file protein-v9.txt (compact mmCIF, C-alpha atoms)
# COMPACT_ATOMS: atom_id res chain seq x y z
CA MET P 1 -16.81 -2.27 6.82
CA THR P 2 -15.99 -5.90 7.49
CA LEU P 3 -15.66 -8.66 4.94
CA PRO P 4 -19.11 -10.15 4.38
CA PRO P 5 -19.01 -13.93 4.60
CA LEU P 6 -19.93 -14.92 1.06
CA SER P 7 -21.34 -18.36 0.45
CA GLU P 8 -20.48 -20.47 -2.58
CA THR P 9 -24.02 -19.76 -3.78
CA GLN P 10 -23.54 -16.00 -3.60
CA LEU P 11 -20.23 -16.19 -5.41
CA ASP P 12 -21.83 -18.36 -8.09
CA ALA P 13 -24.65 -15.87 -8.46
CA LEU P 14 -22.18 -12.99 -8.78
CA LYS P 15 -20.25 -14.98 -11.35
CA GLU P 16 -23.45 -15.63 -13.27
CA ILE P 17 -24.38 -11.93 -13.27
CA SER P 18 -20.88 -11.09 -14.45
CA ASN P 19 -20.97 -13.74 -17.16
CA ILE P 20 -24.18 -12.25 -18.48
CA GLY P 21 -22.68 -8.76 -18.37
CA MET P 22 -19.54 -9.95 -20.11
CA GLY P 23 -21.64 -11.72 -22.73
CA HIS P 24 -23.17 -8.37 -23.65
CA ALA P 25 -19.74 -6.79 -23.64
CA ALA P 26 -18.39 -9.53 -25.94
CA THR P 27 -21.16 -8.87 -28.45
CA ALA P 28 -20.42 -5.15 -28.43
CA LEU P 29 -16.70 -5.75 -28.78
CA SER P 30 -17.20 -8.25 -31.62
CA GLN P 31 -19.21 -5.64 -33.53
CA MET P 32 -16.53 -3.03 -32.91
CA ILE P 33 -13.62 -5.06 -34.27
CA GLY P 34 -15.57 -7.11 -36.80
CA GLU P 35 -14.63 -10.57 -35.54
CA THR P 36 -16.17 -12.82 -32.94
CA VAL P 37 -14.76 -12.37 -29.47
CA TYR P 38 -15.54 -14.53 -26.50
CA LEU P 39 -15.29 -13.21 -22.98
CA ARG P 40 -15.07 -15.54 -20.04
CA VAL P 41 -15.14 -14.91 -16.31
CA PRO P 42 -12.86 -17.54 -14.77
CA ARG P 43 -12.66 -16.03 -11.33
CA ILE P 44 -14.46 -13.61 -9.10
CA THR P 45 -12.97 -12.32 -5.90
CA ILE P 46 -13.98 -10.05 -3.10
CA ALA P 47 -10.70 -8.73 -1.86
CA ASP P 48 -9.25 -6.32 0.61
CA ILE P 49 -8.11 -3.26 -1.32
CA THR P 50 -4.56 -3.56 0.00
CA GLU P 51 -4.25 -6.93 -1.76
CA MET P 52 -5.40 -5.66 -5.14
CA PRO P 53 -1.97 -4.83 -6.61
CA ASP P 54 -0.82 -8.41 -6.01
CA LEU P 55 -3.98 -9.83 -7.56
CA VAL P 56 -3.30 -8.10 -10.87
CA GLY P 57 0.25 -9.43 -11.14
CA GLY P 58 2.23 -7.39 -8.63
CA PRO P 59 2.61 -3.66 -7.96
CA GLU P 60 5.44 -3.17 -10.47
CA GLU P 61 3.75 -4.96 -13.37
CA VAL P 62 3.29 -2.50 -16.24
CA VAL P 63 -0.39 -2.13 -17.04
CA VAL P 64 -2.97 -0.02 -18.79
CA GLY P 65 -5.75 1.12 -16.49
CA ILE P 66 -9.06 2.52 -17.64
CA THR P 67 -11.41 3.89 -15.03
CA LEU P 68 -15.03 5.03 -15.14
CA ARG P 69 -17.40 6.19 -12.42
CA ILE P 70 -20.81 4.53 -12.11
CA PHE P 71 -23.72 6.94 -11.76
CA GLY P 72 -27.44 6.36 -11.41
CA ASP P 73 -29.27 4.22 -8.86
CA ALA P 74 -26.05 2.81 -7.46
CA ARG P 75 -22.63 4.42 -7.24
CA GLY P 76 -19.20 2.98 -7.66
CA THR P 77 -16.11 2.82 -9.81
CA ILE P 78 -15.15 0.49 -12.61
CA LEU P 79 -11.50 -0.22 -13.23
CA LEU P 80 -10.18 -2.23 -16.16
CA ILE P 81 -6.59 -3.41 -15.96
CA PHE P 82 -4.78 -4.89 -18.96
CA PRO P 83 -1.22 -6.18 -18.72
CA ARG P 84 0.98 -4.38 -21.28
CA GLU P 85 1.14 -7.32 -23.72
CA SER P 86 -2.62 -7.80 -23.63
CA ALA P 87 -3.24 -4.09 -24.24
CA GLN P 88 -0.88 -4.21 -27.22
CA GLN P 89 -2.60 -7.26 -28.67
CA MET P 90 -5.95 -5.63 -28.16
CA LEU P 91 -4.68 -2.62 -30.12
CA VAL P 92 -3.62 -4.86 -33.00
CA ARG P 93 -7.25 -5.97 -33.26
CA LEU P 94 -8.66 -2.50 -32.75
CA ILE P 95 -6.47 -0.32 -34.95
CA GLY P 96 -4.36 -2.81 -36.86
CA HIS P 97 -0.94 -2.14 -35.35
CA LYS P 98 0.65 -2.12 -31.96
CA PRO P 99 2.41 0.90 -30.53
CA ARG P 100 6.18 0.86 -30.35
CA GLY P 101 7.94 1.65 -27.12
CA LEU P 102 6.46 2.87 -23.91
CA VAL P 103 4.11 5.64 -24.75
CA PHE P 104 0.68 5.11 -26.22
CA ASN P 105 -0.18 7.73 -28.77
CA GLU P 106 -3.46 9.58 -28.86
CA MET P 107 -4.98 7.11 -31.31
CA SER P 108 -4.22 4.03 -29.24
CA ALA P 109 -5.16 5.75 -25.98
CA SER P 110 -8.47 6.72 -27.52
CA ALA P 111 -9.08 3.19 -28.83
CA LEU P 112 -8.39 1.71 -25.40
CA LYS P 113 -10.70 4.21 -23.72
CA GLU P 114 -13.41 3.34 -26.21
CA LEU P 115 -12.87 -0.31 -25.37
CA GLY P 116 -13.30 0.50 -21.68
CA ASN P 117 -16.42 2.44 -22.49
CA ILE P 118 -17.97 -0.45 -24.43
CA LEU P 119 -17.14 -3.09 -21.85
CA ALA P 120 -18.36 -0.95 -18.96
CA SER P 121 -21.57 0.16 -20.67
CA ALA P 122 -22.48 -3.39 -21.70
CA TYR P 123 -21.71 -4.77 -18.25
CA LEU P 124 -23.65 -2.02 -16.48
CA SER P 125 -26.63 -2.37 -18.74
CA ALA P 126 -26.82 -6.12 -18.01
CA LEU P 127 -26.29 -5.57 -14.29
CA GLY P 128 -28.89 -2.79 -14.30
CA ASN P 129 -31.43 -5.03 -16.01
CA LEU P 130 -30.94 -7.78 -13.44
CA LEU P 131 -31.10 -5.39 -10.50
CA HIS P 132 -33.84 -3.20 -11.97
CA MET P 133 -31.58 -0.17 -11.73
CA THR P 134 -30.34 2.51 -14.07
CA LEU P 135 -26.55 2.44 -14.12
CA ILE P 136 -24.65 4.92 -16.27
CA PRO P 137 -20.89 5.06 -16.85
CA SER P 138 -18.94 8.33 -16.86
CA ILE P 139 -16.36 9.13 -19.53
CA PRO P 140 -13.32 6.84 -19.30
CA LEU P 141 -9.91 7.95 -18.03
CA LEU P 142 -6.68 6.21 -18.94
CA ALA P 143 -3.39 5.61 -17.17
CA TYR P 144 -0.35 3.59 -18.21
CA ASP P 145 2.12 2.80 -15.46
CA MET P 146 3.02 0.38 -12.66
CA ALA P 147 -0.04 -1.55 -11.47
CA GLY P 148 0.35 -0.35 -7.89
CA ALA P 149 0.33 3.27 -9.00
CA VAL P 150 -2.58 2.86 -11.41
CA LEU P 151 -4.61 1.08 -8.76
CA ASP P 152 -3.91 3.20 -5.72
CA ASN P 153 -5.59 6.23 -7.17
CA VAL P 154 -8.84 4.30 -7.38
CA LEU P 155 -8.23 2.45 -4.13
CA ILE P 156 -7.81 5.77 -2.35
CA GLU P 157 -11.24 6.91 -3.41
CA LEU P 158 -12.66 3.62 -2.27
CA SER P 159 -10.75 3.45 0.99
CA GLN P 160 -12.31 6.66 2.23
CA VAL P 161 -15.47 4.65 2.78
CA GLY P 162 -14.62 0.94 2.75
CA ASP P 163 -11.88 -1.63 2.44
CA LEU P 164 -13.36 -4.03 -0.11
CA ALA P 165 -13.50 -4.41 -3.84
CA LEU P 166 -15.26 -6.88 -6.09
CA MET P 167 -12.93 -8.13 -8.79
CA VAL P 168 -14.18 -9.89 -11.88
CA GLU P 169 -11.35 -11.44 -13.84
CA THR P 170 -12.01 -11.52 -17.56
CA GLU P 171 -10.38 -13.43 -20.40
CA PHE P 172 -10.82 -12.51 -24.02
CA HIS P 173 -10.61 -15.14 -26.74
CA ASP P 174 -11.12 -14.99 -30.44
CA GLN P 175 -11.76 -17.89 -32.79
CA SER P 176 -8.22 -18.60 -33.90
CA PRO P 177 -6.59 -20.97 -31.44
CA SER P 178 -3.11 -19.71 -32.30
CA GLU P 179 -3.76 -16.27 -30.89
CA ASP P 180 -2.62 -15.62 -27.36
CA VAL P 181 -5.33 -15.11 -24.85
CA ILE P 182 -5.83 -11.49 -23.97
CA ARG P 183 -6.29 -11.15 -20.26
CA GLY P 184 -7.92 -8.35 -18.39
CA HIS P 185 -9.14 -7.60 -14.91
CA PHE P 186 -12.51 -6.00 -14.66
CA MET P 187 -13.05 -4.52 -11.24
CA ILE P 188 -16.22 -3.19 -9.77
CA LEU P 189 -15.50 -1.06 -6.77
CA PRO P 190 -18.86 -0.37 -5.20
CA ASP P 191 -19.51 2.61 -3.00
CA PRO P 192 -20.84 1.62 0.44
CA GLY P 193 -24.23 0.02 0.19
CA THR P 194 -23.85 -0.87 -3.47
CA LEU P 195 -22.08 -4.19 -2.84
CA ASP P 196 -24.87 -5.14 -0.42
CA VAL P 197 -27.45 -4.26 -3.06
CA ILE P 198 -25.69 -6.40 -5.65
CA LEU P 199 -25.36 -9.33 -3.24
CA GLU P 200 -28.97 -9.00 -2.20
CA ALA P 201 -30.04 -9.11 -5.83
CA ALA P 202 -27.67 -12.03 -6.45
CA ARG P 203 -29.23 -13.95 -3.58
CA GLY P 204 -32.75 -13.11 -4.81
CA GLY P 205 -31.78 -14.11 -8.33
CA HIS P 206 -30.68 -17.50 -7.11
CA ASP P 207 -33.81 -18.18 -5.06
CA GLY P 208 -36.01 -17.20 -7.98
CA MET F 1 22.12 -10.92 0.57
CA THR F 2 20.57 -7.59 1.38
CA ASP F 3 17.74 -7.56 3.84
CA LYS F 4 14.96 -6.03 1.72
CA GLN F 5 11.69 -5.53 3.55
CA ARG F 6 8.50 -4.69 1.73
CA VAL F 7 6.16 -2.03 3.04
CA GLY F 8 2.66 -2.56 1.63
CA ILE F 9 -0.27 -0.17 1.28
CA SER F 10 -1.39 1.22 4.66
CA GLU F 11 1.70 -0.16 6.36
CA PHE F 12 4.84 1.25 7.90
CA ARG F 13 8.06 -0.35 9.03
CA VAL F 14 11.00 0.69 11.16
CA ALA F 15 14.43 -0.90 10.72
CA ARG F 16 18.19 -0.42 11.11
CA ALA F 17 21.10 -0.73 8.71
CA PRO F 18 21.88 -2.84 6.74
CA ALA F 19 18.17 -3.28 6.00
CA ILE F 20 16.51 -1.76 2.93
CA LEU F 21 12.85 -0.78 3.08
CA VAL F 22 10.89 -0.90 -0.19
CA SER F 23 7.45 0.29 -1.32
CA TYR F 24 6.37 -0.73 -4.82
CA GLY F 25 4.21 1.23 -7.22
CA LEU F 26 3.15 4.38 -5.42
CA GLY F 27 0.72 6.49 -7.42
CA SER F 28 -1.28 9.04 -5.47
CA CYS F 29 -0.09 7.31 -2.32
CA LEU F 30 2.56 9.10 -0.32
CA GLY F 31 5.77 7.41 0.79
CA ILE F 32 7.11 8.97 4.00
CA VAL F 33 10.68 8.41 5.14
CA LEU F 34 11.98 9.24 8.61
CA TYR F 35 15.68 8.77 9.24
CA ASP F 36 18.10 9.12 12.12
CA PRO F 37 21.62 9.23 10.61
CA ARG F 38 23.37 8.81 13.99
CA LEU F 39 21.76 5.45 14.63
CA GLN F 40 21.30 4.43 10.98
CA LEU F 41 17.74 3.84 12.03
CA GLY F 42 14.68 4.83 10.06
CA GLY F 43 11.17 4.09 8.92
CA LEU F 44 9.11 4.03 5.75
CA ALA F 45 5.33 4.46 5.51
CA HIS F 46 3.07 3.85 2.48
CA THR F 47 -0.02 5.98 3.13
CA LEU F 48 -3.25 6.24 1.16
CA LEU F 49 -5.12 9.17 2.61
CA PRO F 50 -4.38 12.55 4.17
CA GLY F 51 -6.68 12.45 7.19
CA ASP F 52 -8.93 10.22 9.21
CA ARG F 53 -12.07 8.82 7.72
CA PRO F 54 -14.91 10.95 9.07
CA GLY F 55 -16.79 9.24 11.90
CA GLY F 56 -15.38 5.75 11.70
CA ARG F 57 -12.78 4.25 14.01
CA GLU F 58 -9.83 3.35 11.87
CA LEU F 59 -8.61 -0.23 11.86
CA ARG F 60 -5.40 0.67 10.04
CA PRO F 61 -4.05 3.94 11.44
CA ALA F 62 -1.07 3.76 9.06
CA LYS F 63 -3.46 4.23 6.13
CA HIS F 64 -3.41 7.94 6.94
CA VAL F 65 -0.49 10.33 6.67
CA GLU F 66 -0.88 11.69 10.18
CA GLY F 67 -1.45 8.32 11.86
CA ALA F 68 1.49 6.75 10.04
CA ILE F 69 3.90 9.56 10.96
CA ARG F 70 2.87 9.50 14.62
CA LEU F 71 3.19 5.72 14.88
CA MET F 72 6.53 5.76 13.10
CA VAL F 73 7.92 8.55 15.33
CA GLY F 74 6.73 6.60 18.38
CA GLU F 75 8.60 3.47 17.29
CA LEU F 76 11.74 5.40 16.38
CA LEU F 77 11.83 7.15 19.77
CA ALA F 78 11.24 3.82 21.51
CA ALA F 79 14.19 2.40 19.55
CA GLY F 80 16.46 5.10 20.97
CA SER F 81 16.16 7.96 18.51
CA GLU F 82 15.55 11.57 19.48
CA LEU F 83 13.09 13.84 17.74
CA GLN F 84 15.69 16.52 16.90
CA ASN F 85 17.84 13.94 15.07
CA LEU F 86 15.11 12.87 12.67
CA THR F 87 14.91 14.04 9.07
CA ALA F 88 12.15 13.32 6.57
CA LYS F 89 11.80 12.66 2.85
CA LEU F 90 8.62 12.46 0.80
CA ALA F 91 7.92 10.66 -2.48
CA GLY F 92 4.73 9.96 -4.43
CA GLY F 93 1.47 11.91 -4.44
CA ALA F 94 1.08 11.74 -8.22
CA ASN F 95 -2.07 12.27 -10.26
CA MET F 96 -2.31 9.10 -12.32
CA PHE F 97 -5.33 9.64 -14.52
CA GLU F 98 -5.36 12.53 -16.95
CA ALA F 99 -8.12 15.07 -16.62
CA GLN F 100 -9.18 13.77 -13.24
CA ASN F 101 -10.32 16.42 -10.76
CA PRO F 102 -9.09 19.44 -12.70
CA ALA F 103 -8.39 21.59 -9.63
CA ALA F 104 -4.84 20.62 -8.70
CA GLU F 105 -5.11 21.36 -5.01
CA ASP F 106 -8.15 19.07 -4.67
CA ARG F 107 -6.41 16.00 -6.04
CA ILE F 108 -5.80 13.30 -3.49
CA GLY F 109 -2.09 13.14 -4.34
CA SER F 110 -1.63 16.84 -3.59
CA ARG F 111 -3.67 16.56 -0.43
CA ASN F 112 -1.45 13.71 0.73
CA ILE F 113 1.69 15.77 0.06
CA ASN F 114 0.33 18.79 1.93
CA ALA F 115 -0.80 16.65 4.86
CA GLY F 116 2.68 15.13 5.06
CA ARG F 117 4.43 18.51 5.05
CA GLN F 118 2.05 19.93 7.67
CA VAL F 119 2.29 17.04 10.11
CA LEU F 120 6.09 16.97 9.84
CA GLU F 121 6.31 20.73 10.35
CA ARG F 122 4.16 20.51 13.46
CA LEU F 123 6.49 17.85 14.86
CA GLY F 124 9.53 19.95 13.94
CA ILE F 125 10.98 17.29 11.60
CA PRO F 126 12.63 18.93 8.56
CA VAL F 127 11.76 17.60 5.08
CA ILE F 128 15.21 17.45 3.45
CA ALA F 129 14.21 15.98 0.07
CA GLU F 130 11.11 15.40 -2.03
CA ASP F 131 10.15 13.75 -5.30
CA VAL F 132 6.43 14.34 -5.41
CA GLY F 133 3.55 15.09 -7.77
CA GLY F 134 3.59 14.57 -11.51
CA HIS F 135 1.68 11.87 -13.39
CA HIS F 136 3.85 8.80 -12.89
CA GLY F 137 4.13 5.92 -10.46
CA ARG F 138 7.17 5.41 -8.26
CA THR F 139 8.90 2.55 -6.49
CA ILE F 140 10.98 3.71 -3.55
CA GLU F 141 13.83 2.07 -1.66
CA LEU F 142 15.27 3.41 1.56
CA ASP F 143 18.83 2.31 2.31
CA LEU F 144 19.20 2.54 6.08
CA ALA F 145 22.99 2.53 5.89
CA THR F 146 23.02 5.89 4.10
CA GLY F 147 19.52 7.31 4.45
CA LEU F 148 19.38 7.66 0.66
CA LEU F 149 16.06 7.12 -1.03
CA ARG F 150 16.18 5.54 -4.47
CA VAL F 151 13.14 6.46 -6.61
CA ARG F 152 12.39 4.36 -9.70
CA SER F 153 9.77 5.14 -12.31
CA LEU F 154 8.79 3.82 -15.69
CA ARG F 155 9.13 7.06 -17.58
CA ILE F 156 11.70 9.13 -15.71
CA GLY F 157 14.05 6.32 -14.75
CA GLU F 158 15.93 6.29 -11.50
CA LEU F 159 17.02 9.02 -9.14
CA CYS F 160 18.43 9.21 -5.66
CA ILE F 161 17.29 11.78 -3.13
call {"tool": "encode", "arguments": {"input": "protein-v9.txt", "output": "structure tokens"}}
result
Amino acid sequence: MTLPPLSETQLDALKEISNIGMGHAATALSQMIGETVYLRVPRITIADITEMPDLVGGPEEVVVGITLRIFGDARGTILLIFPRESAQQMLVRLIGHKPRGLVFNEMSASALKELGNILASAYLSALGNLLHMTLIPSIPLLAYDMAGAVLDNVLIELSQVGDLALMVETEFHDQSPSEDVIRGHFMILPDPGTLDVILEAARGGHDG
Amino acid sequence: MTDKQRVGISEFRVARAPAILVSYGLGSCLGIVLYDPRLQLGGLAHTLLPGDRPGGRELRPAKHVEGAIRLMVGELLAAGSELQNLTAKLAGGANMFEAQNPAAEDRIGSRNINAGRQVLERLGIPVIAEDVGGHHGRTIELDLATGLLRVRSLRIGELCI
């Protein structure tokens, strides 16, 4: 699989699709935590899988990773990566306190998985609507470790068939300007064929 | 200043003392060390997968355990080493996500470890130390002056094998 030459237009279309998906996710998240949350997609990248650890802050950066498989008309993997500080801030909003020390307890792990579930479901439902496909997420799995280690598990699965991943960077904001921005990386790792389908739909979406 | 050289995913590197070879954040990936103590010469590979991708011609042979070991042995022999002087160490091959693929032997980390052991056995290179499996990521540093492999992890801390 070689890197498809993506035009500015295609990247814009992908960004638009992702913005719509993230809009749905923001609504769901706002309902879950009871305050308005804004999600923004500042950057979208199609990257070689070997570069992914550097794109999320370096292979030794401590992160929370939540992964889900995509089933239905198209196959792939979703991977959400939150830097440690962002995951902790997210937990303050979700369950009212942040975990001390290294290990997330069952409660915070479960809250983070639920977060992954909501974001993925909302994104997939928007993407599915645009592409006229049924896309269903699997149950979420969680890991908390060095970014390189959290990523390679998913990259391995992907690398058996291709060398590319689509990475949608996401920022979370709430209304209070004093709060730090919570950053996350939302990655769609399409199985072969799926990226082409998305790009095809993105191109069609732009022409229409 | 120490000469620290990074070995990225799907890469391998051969060097001599006083160099240090480093691979950051191995999860299910397998880090493979080959070392010749007489020449203080060795190599480190950061491999993703046990075997070749079915059908396709591989652009990065060092992505696979077998390809990486063969390429590394080739470079070490070309640099003056002899096969009977080489020793091996393995690190990595973890299972990062809980509840993923319940059958242990099917997990990619375990398959990488087994592939590494098998290829090395076939070549007659003894595996003298291992820190493999588990559920945690590892950063590994090979000191070519001593052949020692320093393994760092978030939860378990640091050990030397």
call {"tool": "closest_atom_pairs", "arguments": {"input": "protein-v9.txt", "of": "chain F", "to": "chain P", "cutoff": "12 Å", "atoms": "only C-alpha atoms", "output": "CSV"}}
result
residue,atom,partner,partner_atom,distance
F:Arg6,CA,P:Pro59,CA,11.4
F:Val7,CA,P:Thr50,CA,11.2
F:Gly8,CA,P:Thr50,CA,7.5
F:Ile9,CA,P:Thr50,CA,5.6
F:Ser10,CA,P:Thr50,CA,7.4
F:Glu11,CA,P:Thr50,CA,9.5
F:Val22,CA,P:Pro59,CA,11.7
F:Ser23,CA,P:Pro59,CA,9.1
F:Tyr24,CA,P:Pro59,CA,5.7
F:Gly25,CA,P:Gly148,CA,4.2
F:Leu26,CA,P:Ala149,CA,4.7
F:Gly27,CA,P:Ala149,CA,3.6
F:Ser28,CA,P:Asn153,CA,5.4
F:Cys29,CA,P:Asp152,CA,6.6
F:Leu30,CA,P:Asp152,CA,10.3
F:Gly31,CA,P:Ala149,CA,11.9
F:His46,CA,P:Asp152,CA,10.8
F:Thr47,CA,P:Ile156,CA,9.5
F:Leu48,CA,P:Ile156,CA,5.8
F:Leu49,CA,P:Ile156,CA,6.6
F:Pro50,CA,P:Ile156,CA,10.0
F:Gly51,CA,P:Gln160,CA,9.5
F:Asp52,CA,P:Gln160,CA,8.5
F:Arg53,CA,P:Gln160,CA,5.9
F:Pro54,CA,P:Gln160,CA,8.5
F:Gly55,CA,P:Val161,CA,10.3
F:Gly56,CA,P:Val161,CA,9.0
F:Arg57,CA,P:Met1,CA,10.5
F:Glu58,CA,P:Met1,CA,10.3
F:Leu59,CA,P:Met1,CA,9.8
F:Arg60,CA,P:Asp163,CA,10.2
F:Lys63,CA,P:Ser159,CA,9.0
F:His64,CA,P:Gln160,CA,10.2
F:Gly92,CA,P:Ala149,CA,9.2
F:Gly93,CA,P:Asn153,CA,9.5
F:Ala94,CA,P:Ala149,CA,8.5
F:Asn95,CA,P:Asn153,CA,7.6
F:Met96,CA,P:Ala143,CA,6.1
F:Phe97,CA,P:Ala143,CA,5.2
F:Glu98,CA,P:Leu141,CA,6.5
F:Ala99,CA,P:Leu141,CA,7.5
F:Gln100,CA,P:Leu141,CA,7.6
F:Asn101,CA,P:Leu141,CA,11.2
F:Arg107,CA,P:Asn153,CA,9.9
F:Ile108,CA,P:Ile156,CA,7.9
F:Gly109,CA,P:Asn153,CA,8.2
F:Ser110,CA,P:Asn153,CA,11.9
F:Arg111,CA,P:Ile156,CA,11.7
F:Asn112,CA,P:Ile156,CA,10.6
F:His135,CA,P:Ala143,CA,8.9
F:His136,CA,P:Asp145,CA,6.8
F:Gly137,CA,P:Ala149,CA,4.9
F:Arg138,CA,P:Ala149,CA,7.2
F:Thr139,CA,P:Glu60,CA,7.8
F:Ile140,CA,P:Glu60,CA,11.2
F:Arg152,CA,P:Glu60,CA,10.3
F:Ser153,CA,P:Met146,CA,8.3
F:Leu154,CA,P:Asp145,CA,6.8
F:Arg155,CA,P:Leu102,CA,8.0
F:Ile156,CA,P:Asp145,CA,11.5
call {"tool": "residues_near_point", "arguments": {"input": "protein-v9.txt", "point": "(-13.0, 5.1, -13.0)", "cutoff": "6 Å", "atoms": "only C-alpha atoms", "output": "VMD selection string"}}
result
chain P and resid 67 to 69 77 to 79
call {"tool": "atom_distance", "arguments": {"input": "protein-v9.txt", "atom1": "CA of Gly124 in chain F", "atom2": "CA of Leu39 in chain F"}}
result
19.0 Å
call {"tool": "atom_distance", "arguments": {"input": "protein-v9.txt", "atom1": "CA of Met90 in chain P", "atom2": "CA of Ala13 in chain P"}}
result
29.0 Å
call {"tool": "residues_around", "arguments": {"input": "protein-v9.txt", "residues": "range 67-78 of chain F", "least_positions_apart": "3", "cutoff": "8 Å", "atoms": "all atoms listed in the file", "output": "list in words"}}
result
Glu11, Phe12, Arg13, Val14, Ile32, Leu34, Leu41, Gly42, Gly43, Leu44, Ala45, Thr47, Pro61, Ala62, Lys63, His64, Ser81, Glu82, Leu83, Val119 and Leu120 of chain F
call {"tool": "atom_distance", "arguments": {"input": "protein-v9.txt", "atom1": "CA of Glu200 in chain P", "atom2": "CA of Met187 in chain P"}}
result
18.8 Å
call {"tool": "residues_near_point", "arguments": {"input": "protein-v9.txt", "point": "(0.2, 0.5, -21.4)", "cutoff": "6 Å", "atoms": "only C-alpha atoms", "output": "list in words"}}
result
Val63, Val64, Arg84 and Tyr144 of chain P
call {"tool": "closest_residue", "arguments": {"input": "protein-v9.txt", "among": "P:Arg183, P:Met133, P:Gly116, P:Glu169", "to": "Thr45 in chain P", "atoms": "only C-alpha atoms"}}
result
P:Glu169
